[in-house]
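Peer 1: Structure below; questions to follow.
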Amino acid sequence: MKNKIQSIPDYKIANWWQLIDNHRVKCHLCPRFCKIPKGSHGFCFIRKNIDGKLYNTANGSVNGFANDPIEKKPLYHFYPGSTIYSFGTIGCNLGCKFCQNWHISMSVNQKYISKKYSAQDIVKSAQINNSIGIAYTYNEPIIFGEWVIDIADHAHNKGLKNVMVTNGYITPEARHDIFKNIDAVNVDLKSFSDQFYRKLTLSNLDPVLDTLRWLVNETNVWVEITALIIPEHNDDPYELRSLSKFIVDELDTCVPLHFSAFHPDFKMLDVLPTPIKTLKRACDIALDEGLKFVYIGNVFKDVGQDTICPSCGKIVIKRIGYRTHLIGMNENKCLYCDTTISGCFKNTIGQS
Ligand code: SF4
């Protein structure tokens with residue numbers, strides 16, 4: 001991968017906060033609303049109170065670049081077959097005990113993001129690598145929202161797309177600013193139980209549902225959802241039916257849903273990997289509830305990854321690993337029965 005980026009130092013005063021008392025600040029970026037004493041960090045680590053002002057200390061920082069297949073986000077209906085220039089920083093506003101990127105999301109070590117970059121150079125590097133745009137991913141991009149806004153603005157000016165992979169744990173106050181130039185998002189819906197959210201992610205379900213409603217019903221952002229299925233924790237058929245019903249009733253039957261396999265990691269090493277049959281059962285439930293595009297991910301088999309026309313039942317996009325073949329697509333329609341397949345496709349650039 002080509003990389004011509006130069007380093008520049010930067011710390012940025014944060015948005016979405018207020019001074020409350022005695023040099024303490026209250027952060028309004030996510031529903032945790034941390035009250036941070038002078039010299040301390042918020043829960044997410046990278047937002048720090050320096051002399052009574054809140055700073056985003058990750059601004060300009062990057063914890064590694066990769067020119068990933070868009071399918072890896074996962075986004076299956078957003079320019080399938082493209083690559084997207086991806087990066088993250090460190091820290092997270094959730095505390096998931098099953099985190100599969102815990103070495104960066106839980107890191108409090110700034111050495112992992114010691115280099116500093118400019119938004120212009122990241123955009124230039126995405127262009128050099130023939131990517132369709134920038135993906136803010138790997139750790140939670142909401143927490144470095146000012147940095148996302150800066151890059152996304154430059155990316156749009158150069159005709160590139162912006163993609164976020166997020167937990168959706170953000171306040172209404174901040175989401176309008178951060179999603180302003182975002183074209184597509186994959187939101188992790190980690191469970192449909194508030195108890196699960198509280199116990200295993202140290203957060204709450206409702207703000208995530210609220211973000212999803214807003215994204216789908218009030219913005220033009222293309223939305224896909226990932227639900228990680230953890231045996232014995234969120235694989236109950238009743239819960240999966242409730243999750244699917246929520247998407248059908250309150251979002252849209254065309255929102256793609258990815259059921260992702262859990263692999264033992266971080267603080268949940270004693271839980272077994274998700275069996276394929278559990279993932280297939282989850283797909284059956286979601287399809288039965290009326291969802292049109294349901295997928296299986298994070299498994300070592302090519303199962304549940306093809307896009308099937310919801311009208312004629314033929315495969316329109318075939319996926320083998322990260323190789324994607326639009327075998328039955330005519331622009332954004334099914335080649336066999338002319339049904340529109342929801343999403344954004346290469347030969348229909350501009351649609352969203
Ligand atoms: S973004 Fe970080 S500092 Fe702000 S409320 Fe959330 S966890 Fe706390």
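Going through the structure tokens in order, the chains are called A, B, and so on, while each chain numbers its residues from 1 and the ligands are numbered from 1 in the order shown.
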Could you give me, as JSON, numbers by chain, every polymer residue with an atom at most 6 Å away from an atom of ligand 1, counting only C-alpha atoms and all ligand atoms?
Peer 2: {"A": [27, 28, 29, 30, 32, 33, 34, 42, 43, 44, 47, 93, 143]}
Peer 1: Please provide the set of residues having any atom within 12 Å of A:His176, restricted to only C-alpha atoms, with same-chain residues fewer than 6 positions apart removed, written as JSON, numbers by chain.
Peer 2: {"A": [16, 29, 142, 145, 149, 170, 182, 211, 214, 215, 218, 219, 221]}
Peer 1: At what distance in Å, to one decimal, does atom CA of A:Val163 lie from atom CA of A:Phe179?
Peer 2: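 Separation between atom CA of A:Phe179 and atom CA of A:Val163: 9.6 Å.
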Peer 1: Please identify all polymer residues within 7 Å of stretch 297-306 of chain A, counting only C-alpha atoms, omitting same-chain residues fewer than 2 positions from it, and present them as a list in words.
Peer 2: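 What passes the distance filter is His258, Phe259, Ser260, Ala261, Tyr295, Ile308, Ile315, Ile317, Lys318, Arg319, Ile320 and Gly321 of chain A.
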Peer 1: Just checking: using only C-alpha atoms, which residue out of A:Ala184, A:Met329, A:Ile128, A:Ile46 ends up closest to A:Ser105?
Peer 2: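 Checking each of A:Ala184, A:Met329, A:Ile128, A:Ile46 against A:Ser105, counting only C-alpha atoms, the winner is A:Ile46.
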Peer 1: Contacts of A:Lys53 at 9 Å or less, counting only C-alpha atoms, minus same-chain residues fewer than 2 places along, as a list in words?
Peer 2: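 Near neighbours after the sequence-gap exclusion: Ile13, Ala14, Trp17, Gln18, Leu19, His23, Arg24, Val25, Lys38, Lys48, Asn49, Ile50, Asp51 and Tyr55 of chain A.
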Peer 1: List every residue of stretch 182-264 of chain A that has an atom at most 9 Å from any atom of stretch 268-281 of chain A, and for each one report the closest atom pair and its distance in Å to one decimal, counting only C-alpha atoms, with rows sorted by chain and then by increasing residue number, as CSV.
Peer 2:
residue,atom,partner,partner_atom,distance
A:Ile229,CA,A:Thr274,CA,6.7
A:Ile230,CA,A:Thr274,CA,6.2
A:Pro231,CA,A:Thr274,CA,5.8
A:Glu232,CA,A:Val271,CA,8.4
A:Asp235,CA,A:Thr278,CA,7.4
A:Pro237,CA,A:Arg281,CA,8.1
A:Phe259,CA,A:Leu279,CA,6.4
A:Ser260,CA,A:Leu279,CA,7.6
A:Ala261,CA,A:Thr274,CA,5.2
A:Phe262,CA,A:Pro273,CA,5.4
A:His263,CA,A:Pro273,CA,4.7
A:Pro264,CA,A:Leu269,CA,4.5
Peer 1: Measuring between only C-alpha atoms, which one of A:Cys309, A:Val294, A:Val62, A:Ile84 shows the shortest distance to A:Lys333?
Peer 2: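 Nearest to A:Lys333: A:Cys309.
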Peer 1: As an NGL selection string, which residues of stretch 125-292 of chain A does DSSP assign to alpha helix (DSSP H)?
Peer 2: :A and (125-128 or 145-157 or 172-178 or 194-196 or 206-218 or 237-246 or 276-289)
Peer 1: My list of candidates is A:Gly88, A:Gly290, A:Gly328, A:Gly313. Which is closest to A:Val148 when distances are computed with only C-alpha atoms?
Peer 2: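 Checking each of A:Gly88, A:Gly290, A:Gly328, A:Gly313 against A:Val148, counting only C-alpha atoms, the winner is A:Gly88.
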Peer 1: Expressed in Å to a single decimal, how great is the separation between atom CA of A:Phe293 and atom CA of A:Leu257?
Peer 2: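 So the two atoms, atom CA of A:Phe293 and atom CA of A:Leu257, lie 6.4 Å apart.
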Peer 1: Could you give me, as number ranges by chain, the residues within 10 Å of stretch 343-346 of chain A, counting only C-alpha atoms and dropping anything in the same chain fewer than 3 positions from it?
Peer 2: A: 75-82, 132, 183-184, 222-224, 254-256, 326, 329-333, 340, 349-352
Peer 1: Which of these residues is nearest to A:Asp121, using only C-alpha atoms: A:Thr83, A:Glu140, A:Asn167, A:Gly60?
Peer 2: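 Result for the nearest residue to A:Asp121: A:Gly60.
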Peer 1: With DSSP run on the backbone, what are the strand (DSSP E) residues within stretch 89-302 of chain A? I'd like them as a ChimeraX atom specification.
Peer 2: /A:133-136,161-166,184-188,222-229,257-261,294-297
Peer 1: Write out the residues from the selection above, keeping N, CA, C and O atoms, as a tab-separated table (two decimals), in the first residue's frame.
Peer 2:
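Here's the written file result-v3.tsv:
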chain	number	residue	atom	x	y	z
A	133	GLY	N	-13.04	6.10	-0.64
A	133	GLY	CA	-13.12	7.12	0.42
A	133	GLY	C	-12.41	6.68	1.68
A	133	GLY	O	-11.48	5.88	1.66
A	134	ILE	N	-12.91	7.22	2.80
A	134	ILE	CA	-12.27	7.00	4.10
A	134	ILE	C	-13.25	6.25	5.01
A	134	ILE	O	-14.43	6.61	5.07
A	135	ALA	N	-12.74	5.26	5.75
A	135	ALA	CA	-13.55	4.59	6.79
A	135	ALA	C	-12.95	4.92	8.15
A	135	ALA	O	-11.74	4.75	8.36
A	136	TYR	N	-13.81	5.39	9.05
A	136	TYR	CA	-13.44	5.68	10.44
A	136	TYR	C	-13.86	4.45	11.23
A	136	TYR	O	-15.06	4.19	11.39
A	161	LYS	N	-16.05	9.26	-0.58
A	161	LYS	CA	-17.12	8.88	0.36
A	161	LYS	C	-16.56	8.75	1.78
A	161	LYS	O	-15.36	8.53	1.97
A	162	ASN	N	-17.45	8.86	2.76
A	162	ASN	CA	-17.08	8.69	4.17
A	162	ASN	C	-17.94	7.60	4.80
A	162	ASN	O	-19.16	7.61	4.65
A	163	VAL	N	-17.27	6.69	5.51
A	163	VAL	CA	-17.94	5.54	6.12
A	163	VAL	C	-17.56	5.47	7.59
A	163	VAL	O	-16.40	5.65	7.94
A	164	MET	N	-18.55	5.21	8.45
A	164	MET	CA	-18.26	5.02	9.87
A	164	MET	C	-18.70	3.64	10.33
A	164	MET	O	-19.76	3.17	9.92
A	165	VAL	N	-17.88	3.03	11.17
A	165	VAL	CA	-18.27	1.78	11.84
A	165	VAL	C	-18.37	2.13	13.31
A	165	VAL	O	-17.36	2.50	13.94
A	166	THR	N	-19.56	2.06	13.87
A	166	THR	CA	-19.79	2.71	15.16
A	166	THR	C	-20.72	1.91	16.07
A	166	THR	O	-21.51	1.09	15.59
A	184	ALA	N	-22.18	6.44	4.64
A	184	ALA	CA	-22.65	5.10	5.02
A	184	ALA	C	-22.13	4.74	6.40
A	184	ALA	O	-21.06	5.20	6.81
A	185	VAL	N	-22.90	3.92	7.08
A	185	VAL	CA	-22.52	3.55	8.44
A	185	VAL	C	-22.91	2.10	8.70
A	185	VAL	O	-23.92	1.62	8.18
A	186	ASN	N	-22.06	1.43	9.45
A	186	ASN	CA	-22.47	0.15	10.02
A	186	ASN	C	-22.54	0.34	11.52
A	186	ASN	O	-21.54	0.71	12.15
A	187	VAL	N	-23.73	0.11	12.08
A	187	VAL	CA	-23.94	0.30	13.52
A	187	VAL	C	-23.98	-1.07	14.18
A	187	VAL	O	-24.73	-1.96	13.75
A	188	ASP	N	-23.19	-1.23	15.24
A	188	ASP	CA	-23.25	-2.46	16.04
A	188	ASP	C	-24.46	-2.39	16.95
A	188	ASP	O	-24.54	-1.52	17.82
A	222	TRP	N	-26.57	5.83	4.31
A	222	TRP	CA	-26.89	4.43	4.07
A	222	TRP	C	-26.52	3.62	5.33
A	222	TRP	O	-25.39	3.71	5.81
A	223	VAL	N	-27.46	2.84	5.85
A	223	VAL	CA	-27.26	2.17	7.14
A	223	VAL	C	-27.31	0.66	7.00
A	223	VAL	O	-28.22	0.11	6.37
A	224	GLU	N	-26.30	-0.02	7.56
A	224	GLU	CA	-26.36	-1.47	7.75
A	224	GLU	C	-26.11	-1.73	9.24
A	224	GLU	O	-25.53	-0.89	9.94
A	225	ILE	N	-26.56	-2.89	9.71
A	225	ILE	CA	-26.46	-3.20	11.14
A	225	ILE	C	-25.72	-4.51	11.33
A	225	ILE	O	-25.94	-5.46	10.58
A	226	THR	N	-24.85	-4.54	12.34
A	226	THR	CA	-24.20	-5.81	12.72
A	226	THR	C	-24.66	-6.21	14.11
A	226	THR	O	-24.64	-5.39	15.04
A	227	ALA	N	-25.07	-7.46	14.23
A	227	ALA	CA	-25.43	-8.02	15.54
A	227	ALA	C	-24.49	-9.19	15.82
A	227	ALA	O	-24.54	-10.21	15.14
A	228	LEU	N	-23.61	-8.99	16.78
A	228	LEU	CA	-22.70	-10.07	17.20
A	228	LEU	C	-23.48	-11.04	18.08
A	228	LEU	O	-24.09	-10.62	19.06
A	229	ILE	N	-23.44	-12.31	17.70
A	229	ILE	CA	-24.22	-13.30	18.47
A	229	ILE	C	-23.29	-14.08	19.40
A	229	ILE	O	-22.39	-14.81	18.95
A	257	LEU	N	-28.92	-6.64	7.58
A	257	LEU	CA	-28.56	-7.07	8.94
A	257	LEU	C	-27.52	-8.17	8.84
A	257	LEU	O	-27.73	-9.18	8.15
A	258	HIS	N	-26.39	-7.97	9.53
A	258	HIS	CA	-25.29	-8.95	9.51
A	258	HIS	C	-25.22	-9.62	10.87
A	258	HIS	O	-24.93	-8.96	11.87
A	259	PHE	N	-25.47	-10.92	10.91
A	259	PHE	CA	-25.27	-11.68	12.15
A	259	PHE	C	-23.82	-12.14	12.15
A	259	PHE	O	-23.39	-12.89	11.26
A	260	SER	N	-23.10	-11.70	13.16
A	260	SER	CA	-21.66	-11.94	13.19
A	260	SER	C	-21.30	-12.96	14.27
A	260	SER	O	-21.86	-12.92	15.37
A	261	ALA	N	-20.35	-13.84	13.95
A	261	ALA	CA	-19.95	-14.88	14.91
A	261	ALA	C	-19.01	-14.31	15.96
A	261	ALA	O	-18.09	-13.55	15.65
A	294	VAL	N	-30.29	-10.35	4.79
A	294	VAL	CA	-29.73	-10.85	6.06
A	294	VAL	C	-28.48	-11.67	5.74
A	294	VAL	O	-28.49	-12.50	4.83
A	295	TYR	N	-27.41	-11.42	6.49
A	295	TYR	CA	-26.12	-12.04	6.18
A	295	TYR	C	-25.50	-12.67	7.43
A	295	TYR	O	-25.85	-12.35	8.56
A	296	ILE	N	-24.52	-13.56	7.16
A	296	ILE	CA	-23.70	-14.16	8.22
A	296	ILE	C	-22.27	-13.65	8.03
A	296	ILE	O	-21.78	-13.58	6.90
A	297	GLY	N	-21.60	-13.30	9.12
A	297	GLY	CA	-20.23	-12.79	9.01
A	297	GLY	C	-19.31	-13.34	10.08
A	297	GLY	O	-19.75	-13.96	11.05
